[in-house]
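Shown next: protein_7.txt, given as compact mmCIF, C-alpha atoms.
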```txt
# COMPACT_ATOMS: atom_id res chain seq x y z
CA MET A 1 -20.50 9.13 1.71
CA ILE A 2 -18.13 10.15 -1.13
CA GLU A 3 -15.93 12.07 1.33
CA GLN A 4 -15.80 8.98 3.56
CA LEU A 5 -14.84 6.83 0.57
CA ILE A 6 -12.04 9.25 -0.43
CA TRP A 7 -10.81 9.28 3.17
CA LEU A 8 -10.77 5.45 3.29
CA LEU A 9 -8.99 5.31 -0.09
CA ASN A 10 -6.39 7.73 1.31
CA ILE A 11 -5.65 5.96 4.56
CA THR A 12 -5.35 2.57 2.87
CA ARG A 13 -3.50 4.00 -0.15
CA SER A 14 -5.99 2.18 -2.40
CA GLN A 15 -6.36 4.90 -5.07
CA VAL A 16 -3.42 3.35 -6.91
CA ILE A 17 -5.12 -0.06 -6.99
CA ALA A 18 -8.41 1.43 -8.25
CA ARG A 19 -6.56 3.43 -10.93
CA ARG A 20 -4.62 0.36 -12.05
CA TYR A 21 -7.80 -1.72 -12.29
CA PHE A 22 -9.51 1.07 -14.26
CA VAL A 23 -6.73 1.28 -16.84
CA VAL A 24 -6.03 -2.46 -17.14
CA ASN A 25 -9.66 -3.54 -17.49
CA GLY A 26 -10.65 -0.44 -19.47
CA PHE A 27 -7.92 -1.23 -21.98
CA ASP A 28 -9.09 -4.83 -22.01
CA GLY A 29 -12.61 -3.71 -22.86
CA ALA A 30 -11.54 -1.30 -25.59
CA LEU A 31 -9.21 -3.80 -27.25
CA THR A 32 -11.81 -6.59 -27.07
CA MET A 33 -14.38 -4.34 -28.80
CA LEU A 34 -11.79 -3.39 -31.40
CA GLY A 35 -11.06 -7.07 -32.05
CA LEU A 36 -14.76 -7.90 -32.38
CA LEU A 37 -15.39 -4.99 -34.75
CA VAL A 38 -12.43 -5.90 -36.98
CA GLY A 39 -13.58 -9.52 -36.89
CA PHE A 40 -17.06 -8.54 -38.09
CA TYR A 41 -15.53 -6.21 -40.68
CA VAL A 42 -13.43 -8.94 -42.27
CA SER A 43 -16.40 -11.34 -42.15
CA GLU A 44 -18.40 -9.01 -44.44
CA ASP A 45 -22.18 -8.92 -44.85
CA VAL A 46 -22.89 -9.25 -41.13
CA ARG A 47 -26.17 -7.62 -40.15
CA LEU A 48 -25.90 -4.65 -37.76
CA PRO A 49 -28.19 -6.11 -35.02
CA VAL A 50 -25.96 -9.19 -34.91
CA VAL A 51 -22.87 -6.98 -34.42
CA ILE A 52 -24.59 -4.90 -31.73
CA ASN A 53 -25.91 -7.92 -29.81
CA ALA A 54 -22.60 -9.78 -29.94
CA CYS A 55 -20.61 -6.70 -28.82
CA LEU A 56 -23.13 -5.87 -26.08
CA GLY A 57 -23.01 -9.45 -24.81
CA VAL A 58 -19.23 -9.34 -24.62
CA ALA A 59 -19.31 -5.89 -22.92
CA ILE A 60 -21.72 -7.12 -20.24
CA ALA A 61 -19.69 -10.28 -19.71
CA LEU A 62 -16.51 -8.21 -19.34
CA GLY A 63 -18.26 -6.00 -16.79
CA MET A 64 -19.57 -8.94 -14.76
CA SER A 65 -16.22 -10.68 -14.90
CA GLY A 66 -14.49 -7.48 -13.77
CA VAL A 67 -16.84 -6.96 -10.81
CA SER A 68 -16.72 -10.54 -9.54
CA SER A 69 -13.01 -11.22 -10.02
CA ALA A 70 -11.92 -7.92 -8.43
CA TYR A 71 -14.30 -8.35 -5.49
CA ILE A 72 -13.13 -11.86 -4.70
CA SER A 73 -9.43 -11.01 -4.89
CA GLU A 74 -9.64 -7.59 -3.20
CA ALA A 75 -11.87 -8.80 -0.35
CA ALA A 76 -9.33 -11.54 0.40
CA GLU A 77 -6.40 -9.10 0.18
CA LYS A 78 -8.04 -6.46 2.40
CA GLN A 79 -9.02 -9.08 5.00
CA ARG A 80 -5.45 -10.37 5.08
CA GLU A 81 -4.07 -6.82 5.48
CA LEU A 82 -6.55 -6.16 8.31
CA ARG A 83 -5.62 -9.38 10.14
CA GLU A 84 -1.92 -8.53 9.88
CA LEU A 85 -2.52 -5.01 11.19
CA GLU A 86 -4.68 -6.35 14.03
CA LYS A 87 -1.88 -8.74 14.94
CA ALA A 88 0.63 -5.87 15.03
CA MET A 89 -1.74 -3.63 17.03
CA VAL A 90 -2.88 -6.50 19.30
CA THR A 91 -6.44 -5.20 19.03
CA ASP A 92 -9.66 -5.69 17.08
CA LEU A 93 -9.87 -3.09 14.30
CA GLY A 94 -13.30 -4.17 13.01
CA GLY A 95 -14.97 -0.93 14.14
CA SER A 96 -12.15 1.37 13.01
CA ALA A 97 -11.60 3.08 9.66
CA HIS A 98 -9.37 0.15 8.69
CA GLY A 99 -12.19 -2.34 9.34
CA GLN A 100 -14.59 -0.17 7.35
CA ALA A 101 -12.06 0.03 4.52
CA ALA A 102 -11.69 -3.76 4.47
CA ARG A 103 -15.47 -4.07 3.99
CA LEU A 104 -16.19 -1.14 1.63
CA LEU A 105 -13.13 -0.82 -0.60
CA PRO A 106 -13.41 -4.25 -2.26
CA LEU A 107 -16.92 -3.20 -3.36
CA PHE A 108 -15.65 0.10 -4.75
CA ILE A 109 -12.66 -1.47 -6.51
CA ALA A 110 -14.93 -4.20 -7.95
CA PHE A 111 -17.28 -1.47 -9.24
CA VAL A 112 -14.37 0.37 -10.92
CA ASN A 113 -13.01 -2.85 -12.39
CA GLY A 114 -16.37 -3.84 -13.81
CA MET A 115 -17.57 -0.43 -14.95
CA ALA A 116 -14.35 0.49 -16.79
CA PRO A 117 -14.65 -2.12 -19.60
CA LEU A 118 -18.45 -1.87 -19.69
CA ALA A 119 -18.57 1.96 -19.96
CA ILE A 120 -15.73 2.13 -22.50
CA SER A 121 -17.34 -0.65 -24.58
CA LEU A 122 -20.70 1.15 -24.55
CA VAL A 123 -19.05 4.37 -25.78
CA ILE A 124 -17.39 2.41 -28.59
CA LEU A 125 -20.75 0.86 -29.53
CA LEU A 126 -22.48 4.26 -29.61
CA PRO A 127 -22.03 4.79 -33.40
CA LEU A 128 -23.64 1.37 -34.03
CA TRP A 129 -26.70 2.32 -31.99
CA LEU A 130 -26.92 5.72 -33.64
CA ALA A 131 -26.43 4.26 -37.13
CA PRO A 132 -30.15 4.16 -38.08
CA SER A 133 -30.63 7.86 -37.27
CA ILE A 134 -27.35 9.69 -37.85
CA GLU A 135 -25.92 9.97 -41.35
CA PRO A 136 -22.16 9.27 -41.23
CA PHE A 137 -22.75 6.37 -38.84
CA SER A 138 -25.40 4.77 -41.06
CA THR A 139 -23.05 4.67 -44.08
CA PHE A 140 -19.99 3.40 -42.19
CA PRO A 141 -21.23 1.91 -38.88
CA LEU A 142 -18.37 -0.53 -38.28
CA GLU A 143 -15.75 1.98 -39.37
CA SER A 144 -17.23 4.66 -37.07
CA SER A 145 -17.18 2.32 -34.10
CA PHE A 146 -13.65 1.26 -35.02
CA ALA A 147 -12.61 4.95 -35.00
CA MET A 148 -14.33 5.39 -31.63
CA ALA A 149 -12.37 2.40 -30.28
CA LEU A 150 -9.11 3.98 -31.47
CA ILE A 151 -10.05 7.28 -29.79
CA MET A 152 -10.80 5.50 -26.49
CA ILE A 153 -7.55 3.52 -26.65
CA PHE A 154 -5.63 6.72 -27.41
CA LEU A 155 -7.32 8.52 -24.47
CA LEU A 156 -6.43 5.65 -22.11
CA GLY A 157 -2.82 6.04 -23.26
CA VAL A 158 -2.97 9.81 -22.64
CA TYR A 159 -4.33 9.15 -19.15
CA LEU A 160 -1.48 6.70 -18.49
CA GLY A 161 0.93 9.36 -19.72
CA GLN A 162 -0.48 11.80 -17.18
CA VAL A 163 -0.14 9.23 -14.41
CA SER A 164 3.48 8.47 -15.29
CA HIS A 165 4.28 12.15 -16.09
CA THR A 166 5.45 11.30 -19.60
CA PHE A 167 4.61 13.14 -22.82
CA TRP A 168 0.87 12.60 -23.41
CA LEU A 169 1.13 12.23 -27.20
CA TRP A 170 3.84 9.58 -26.98
CA ALA A 171 1.89 7.64 -24.35
CA GLY A 172 -1.25 7.81 -26.52
CA LEU A 173 0.65 6.70 -29.61
CA GLN A 174 2.09 3.73 -27.70
CA THR A 175 -1.39 2.38 -26.93
CA LEU A 176 -2.50 3.11 -30.50
CA LEU A 177 0.43 0.99 -31.68
CA VAL A 178 -0.97 -1.95 -29.70
CA ALA A 179 -4.37 -1.37 -31.34
CA ALA A 180 -2.74 -1.26 -34.79
CA ALA A 181 -0.81 -4.48 -34.11
CA THR A 182 -4.02 -6.21 -32.95
CA THR A 183 -5.89 -5.07 -36.07
CA ALA A 184 -3.02 -6.20 -38.33
CA LEU A 185 -2.93 -9.60 -36.62
CA ILE A 186 -6.67 -10.13 -37.12
CA PHE A 187 -6.45 -9.14 -40.80
CA THR A 188 -3.44 -11.42 -41.30
CA LEU A 189 -4.81 -14.48 -39.48
CA SER A 190 -8.42 -14.14 -40.59
CA PRO A 191 -9.40 -16.79 -43.15
CA GLY A 192 -11.50 -14.15 -44.91
CA MET B 193 -18.17 21.78 36.53
CA VAL B 194 -14.92 19.87 35.91
CA HIS B 195 -13.27 20.44 32.54
CA ILE B 196 -10.32 18.62 30.98
CA LYS B 197 -7.84 21.29 29.86
CA ARG B 198 -4.90 19.16 28.79
CA VAL B 199 -4.17 15.48 28.34
CA VAL B 200 -0.98 13.68 27.29
CA LEU B 201 -1.56 10.23 25.79
CA ASP B 202 0.77 7.43 24.76
CA VAL B 203 -0.89 5.95 21.66
CA LEU B 204 -0.08 3.02 19.38
CA LYS B 205 -1.33 3.61 15.84
CA PRO B 206 -0.94 2.10 12.34
CA HIS B 207 1.32 4.06 9.92
CA ASN B 208 -1.80 5.09 8.02
CA PRO B 209 -3.44 7.54 8.55
CA ASN B 210 -0.22 9.51 8.87
CA ALA B 211 0.45 12.01 11.67
CA LEU B 212 -1.16 14.89 9.79
CA ASP B 213 -4.35 13.01 8.85
CA PHE B 214 -4.51 11.43 12.31
CA THR B 215 -4.35 14.72 14.23
CA THR B 216 -6.62 16.51 11.75
CA ALA B 217 -9.29 13.80 12.13
CA ILE B 218 -9.13 14.04 15.94
CA ALA B 219 -9.24 17.84 15.85
CA GLU B 220 -12.38 17.69 13.68
CA LYS B 221 -14.15 15.74 16.44
CA VAL B 222 -12.90 17.86 19.36
CA PRO B 223 -13.89 21.48 18.71
CA GLY B 224 -11.61 24.20 20.07
CA CYS B 225 -8.69 21.86 20.73
CA ARG B 226 -5.01 22.15 19.95
CA ILE B 227 -3.06 18.95 19.26
CA LYS B 228 0.64 18.16 19.17
CA LEU B 229 1.83 14.75 18.01
CA THR B 230 5.35 13.40 18.45
CA VAL B 231 6.41 10.03 17.04
CA THR B 232 8.41 8.26 19.75
CA ALA B 233 8.89 4.79 18.26
CA MET B 234 8.50 3.23 14.84
CA ASP B 235 7.78 -0.42 14.01
CA GLU B 236 7.16 -2.29 10.73
CA LYS B 237 3.39 -1.71 10.70
CA THR B 238 2.80 0.55 13.71
CA GLU B 239 4.18 3.61 15.46
CA THR B 240 3.99 4.87 19.02
CA VAL B 241 3.08 8.54 19.33
CA LEU B 242 2.79 11.02 22.15
CA LEU B 243 -0.36 13.09 21.78
CA ILE B 244 -0.72 16.36 23.65
CA ILE B 245 -4.28 17.64 23.40
CA GLU B 246 -5.25 20.98 24.89
CA GLY B 247 -8.62 22.69 24.94
CA GLU B 248 -11.15 24.46 27.12
CA GLN B 249 -13.93 21.91 27.50
CA MET B 250 -12.74 18.56 26.18
CA GLN B 251 -14.51 15.25 26.70
CA PHE B 252 -12.18 12.30 27.12
CA ASN B 253 -14.62 9.76 25.65
CA VAL B 254 -14.83 11.82 22.42
CA ILE B 255 -11.03 11.86 22.16
CA SER B 256 -10.80 8.16 22.94
CA GLU B 257 -13.49 7.26 20.37
CA ALA B 258 -11.79 9.42 17.72
CA ILE B 259 -8.45 7.66 18.31
CA GLY B 260 -10.14 4.24 18.24
CA SER B 261 -11.99 4.98 15.01
CA LEU B 262 -8.63 5.80 13.38
CA GLY B 263 -7.23 2.42 14.40
CA GLY B 264 -5.23 3.82 17.35
CA SER B 265 -5.08 2.36 20.81
CA ILE B 266 -4.39 4.39 23.99
CA HIS B 267 -1.62 2.71 25.98
CA SER B 268 -1.46 5.15 28.85
CA ILE B 269 -2.58 8.56 30.07
CA ASP B 270 0.73 10.19 30.95
CA GLU B 271 -0.43 13.62 32.04
CA VAL B 272 -3.76 15.29 32.79
CA GLU B 273 -4.79 18.83 33.64
CA VAL B 274 -8.36 19.41 34.77
CA GLU B 275 -10.11 22.48 36.12
CA ASN B 276 -13.17 22.88 38.26
CA GLY B 277 -14.54 26.16 36.97
CA LEU B 278 -16.83 27.97 39.39
CA PRO B 279 -20.40 28.42 38.19
CA GLU B 280 -21.15 31.91 36.86
CA GLY B 281 -21.99 34.41 39.57
CA GLU B 282 -19.94 32.69 42.33
CA THR B 283 -16.84 34.59 43.41
CA THR B 284 -15.20 32.14 45.85
```
Starting from the coordinates I provided, produce the structure as structure tokens.
Amino acid sequence: MIEQLIWLLNITRSQVIARRYFVVNGFDGALTMLGLLVGFYVSEDVRLPVVINACLGVAIALGMSGVSSAYISEAAEKQRELRELEKAMVTDLGGSAHGQAARLLPLFIAFVNGMAPLAISLVILLPLWLAPSIEPFSTFPLESSFAMALIMIFLLGVYLGQVSHTFWLWAGLQTLLVAAATTALIFTLSPG
Amino acid sequence: MVHIKRVVLDVLKPHNPNALDFTTAIAEKVPGCRIKLTVTAMDEKTETVLLIIEGEQMQFNVISEAIGSLGGSIHSIDEVEVENGLPEGETT
């Protein structure tokens, strides 16, 4: 099954699309969590269960939005590509690898697009969940999750650096700069 | 028993899978075969290729299904070589 999926990704050159969706929506998820955490931090005296529930709700919504939006758009795109290829080949390609790809790949890409923000958000929320039982997290739960968000954003930058064959540290610092700008904006615009 | 030893096919296929993936996928389904692919014409979305497939005991329907599953379409059979091997034990 996995081999078949890799083969279909290869022949349709869809790995690039899946990778792009992973990075774009993963970054979306990480930055949204960062924004929420900073927002709760500047609000002060917010109870931990409220923070966890709000962040979890947003993470799930991001995941669902990622799955549905990517499926709708990719299914339409893949069907259009298949019709164009069928027109050029003057034959029905429904039973071929291309037909299979048009049916399966939108599901896979939708899964990647939905899982990227959800998984990254859950990793960022980990210190909040562990706060009652693990010492450094219980003293500074929001700060720990904020640090986790920065690590995830940095790692996404490093991954992008690997994709574009640029220096990993520079690529990671670039994404961290976006995180810093977002944090600064929230602190500046927050009424307190 | 009649065996197909060699077949030359004129095939229209999409650009993807490329020549290497296309021939490899066919070879995986036809054990003991040897395949040569030559691109003879190139279009915006498709290409015409000449496939020379050689082997000892090939089945045409397996080859045809493999090409079809890769999105290819056989336009013509340009050359065929078959052999009627005598059953074991017979000398004439």
Extending 5 Å beyond the listed atoms of stretch 119-122 of chain A on each side, what axis-aligned box results? I want centre and edge lengths in Å to one decimal, as AutoDock Vina command-line options.
```
--center_x -18.2 --center_y 0.7 --center_z -22.3 --size_x 15.0 --size_y 12.8 --size_z 14.6
```
Nearest-residue call for A:Arg13, choices A:Val67, A:Ala61, A:Leu85, A:Leu105, using only C-alpha atoms: A:Leu105
Contacts of A:Ala116 at 9 Å (all atoms listed in the file; same-chain gap of 2+ positions) as number ranges by chain: A: 21-27, 29, 63, 66, 111-114, 118-121
Distance query stretch 199-210 of chain B at most 9 Å, all atoms listed in the file, self and fewer than 2 positions along chain excluded, as number ranges by chain: A: 10-13, 85, 88-89; B: 196-197, 212-215, 234-246, 252, 259, 262-274
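Closest to chain B among A:Glu86, A:Glu143, A:Glu77, A:Glu135 is A:Glu86, based on all atoms listed in the file.
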If you count all atoms listed in the file, which residues fall within 12 Å of A:Leu36, apart from same-chain ones fewer than 2 positions away, as a PDB file with C-alpha atoms, in the frame of the given file?
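And here's out33.pdb as it stands now:
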```pdb
ATOM      1  CA  GLY A  29     -12.610  -3.710 -22.860  1.00  0.00           C
ATOM      2  CA  ALA A  30     -11.540  -1.300 -25.590  1.00  0.00           C
ATOM      3  CA  LEU A  31      -9.210  -3.800 -27.250  1.00  0.00           C
ATOM      4  CA  THR A  32     -11.810  -6.590 -27.070  1.00  0.00           C
ATOM      5  CA  MET A  33     -14.380  -4.340 -28.800  1.00  0.00           C
ATOM      6  CA  LEU A  34     -11.790  -3.390 -31.400  1.00  0.00           C
ATOM      7  CA  VAL A  38     -12.430  -5.900 -36.980  1.00  0.00           C
ATOM      8  CA  GLY A  39     -13.580  -9.520 -36.890  1.00  0.00           C
ATOM      9  CA  PHE A  40     -17.060  -8.540 -38.090  1.00  0.00           C
ATOM     10  CA  TYR A  41     -15.530  -6.210 -40.680  1.00  0.00           C
ATOM     11  CA  VAL A  42     -13.430  -8.940 -42.270  1.00  0.00           C
ATOM     12  CA  SER A  43     -16.400 -11.340 -42.150  1.00  0.00           C
ATOM     13  CA  VAL A  50     -25.960  -9.190 -34.910  1.00  0.00           C
ATOM     14  CA  VAL A  51     -22.870  -6.980 -34.420  1.00  0.00           C
ATOM     15  CA  ILE A  52     -24.590  -4.900 -31.730  1.00  0.00           C
ATOM     16  CA  ASN A  53     -25.910  -7.920 -29.810  1.00  0.00           C
ATOM     17  CA  ALA A  54     -22.600  -9.780 -29.940  1.00  0.00           C
ATOM     18  CA  CYS A  55     -20.610  -6.700 -28.820  1.00  0.00           C
ATOM     19  CA  LEU A  56     -23.130  -5.870 -26.080  1.00  0.00           C
ATOM     20  CA  GLY A  57     -23.010  -9.450 -24.810  1.00  0.00           C
ATOM     21  CA  VAL A  58     -19.230  -9.340 -24.620  1.00  0.00           C
ATOM     22  CA  ALA A  59     -19.310  -5.890 -22.920  1.00  0.00           C
ATOM     23  CA  SER A 121     -17.340  -0.650 -24.580  1.00  0.00           C
ATOM     24  CA  ILE A 124     -17.390   2.410 -28.590  1.00  0.00           C
ATOM     25  CA  LEU A 125     -20.750   0.860 -29.530  1.00  0.00           C
ATOM     26  CA  LEU A 142     -18.370  -0.530 -38.280  1.00  0.00           C
ATOM     27  CA  SER A 145     -17.180   2.320 -34.100  1.00  0.00           C
ATOM     28  CA  PHE A 146     -13.650   1.260 -35.020  1.00  0.00           C
ATOM     29  CA  ALA A 149     -12.370   2.400 -30.280  1.00  0.00           C
ATOM     30  CA  THR A 182      -4.020  -6.210 -32.950  1.00  0.00           C
ATOM     31  CA  THR A 183      -5.890  -5.070 -36.070  1.00  0.00           C
ATOM     32  CA  ILE A 186      -6.670 -10.130 -37.120  1.00  0.00           C
ATOM     33  CA  PHE A 187      -6.450  -9.140 -40.800  1.00  0.00           C
TER      34      PHE A 187
END
```
Surrounding residues of B:Ala219 excluding itself and chain neighbours under 6 positions, 10 Å, all atoms listed in the file, as a list in words: Asp213, Cys225, Arg226, Ile227, Ile245, Ile255 and Ala258 of chain B
Please write the residues from the selection above to a file, keeping C-alpha atoms, as an mmCIF file, keeping the file's coordinate frame.
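Dumped to out_10.cif:
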```cif
data_model
loop_
_atom_site.group_PDB
_atom_site.id
_atom_site.type_symbol
_atom_site.label_atom_id
_atom_site.label_comp_id
_atom_site.auth_asym_id
_atom_site.auth_seq_id
_atom_site.Cartn_x
_atom_site.Cartn_y
_atom_site.Cartn_z
ATOM 1 C CA ASP B 213 -4.350 13.010 8.850
ATOM 2 C CA CYS B 225 -8.690 21.860 20.730
ATOM 3 C CA ARG B 226 -5.010 22.150 19.950
ATOM 4 C CA ILE B 227 -3.060 18.950 19.260
ATOM 5 C CA ILE B 245 -4.280 17.640 23.400
ATOM 6 C CA ILE B 255 -11.030 11.860 22.160
ATOM 7 C CA ALA B 258 -11.790 9.420 17.720
#
```
Pick from A:Leu189, A:Tyr71, A:Lys87, A:Ala18 nearest to chain B, counting only C-alpha atoms: A:Lys87
Residues of chain A within 12 Å of chain B, only C-alpha atoms counted, as a VMD selection string: chain A and resid 4 7 to 14 81 to 101
d(atom CA of A:Val163, atom CA of A:Val178) in Å: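 Taking atom CA of A:Val163 as the start and atom CA of A:Val178 as the end point, the length is 19.0 Å.
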Interatomic distance (Å, one decimal) between atom CA of A:Leu122 and atom CA of A:Ile60: 9.4 Å
Two-atom distance - atom CA of A:Leu5, atom CA of A:Phe108 (Å):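 Computed distance, atom CA of A:Leu5 to atom CA of A:Phe108, equals 8.6 Å.
Considering only C-alpha atoms, the residue among A:Leu104, A:Ile6, A:Leu37, A:Ile109 positioned nearest to A:Ser68 is A:Ile109.
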Which residues, written as a CSV table (one decimal) with C-alpha atoms, in the coordinates of the input, have at least one atom at most 10 Å from A:Leu155, with all atoms listed in the file counted and residues fewer than 5 positions away on the same chain left out?
```
chain,number,residue,atom,x,y,z
A,149,ALA,CA,-12.4,2.4,-30.3
A,150,LEU,CA,-9.1,4.0,-31.5
A,160,LEU,CA,-1.5,6.7,-18.5
A,161,GLY,CA,0.9,9.4,-19.7
A,168,TRP,CA,0.9,12.6,-23.4
A,169,LEU,CA,1.1,12.2,-27.2
A,171,ALA,CA,1.9,7.6,-24.4
A,172,GLY,CA,-1.2,7.8,-26.5
A,173,LEU,CA,0.6,6.7,-29.6
A,175,THR,CA,-1.4,2.4,-26.9
A,176,LEU,CA,-2.5,3.1,-30.5
```
Option closest in space to B:Glu248, from B:Ala211, B:Thr230, B:Gly277, B:Glu220 [counting all atoms listed in the file]: B:Gly277
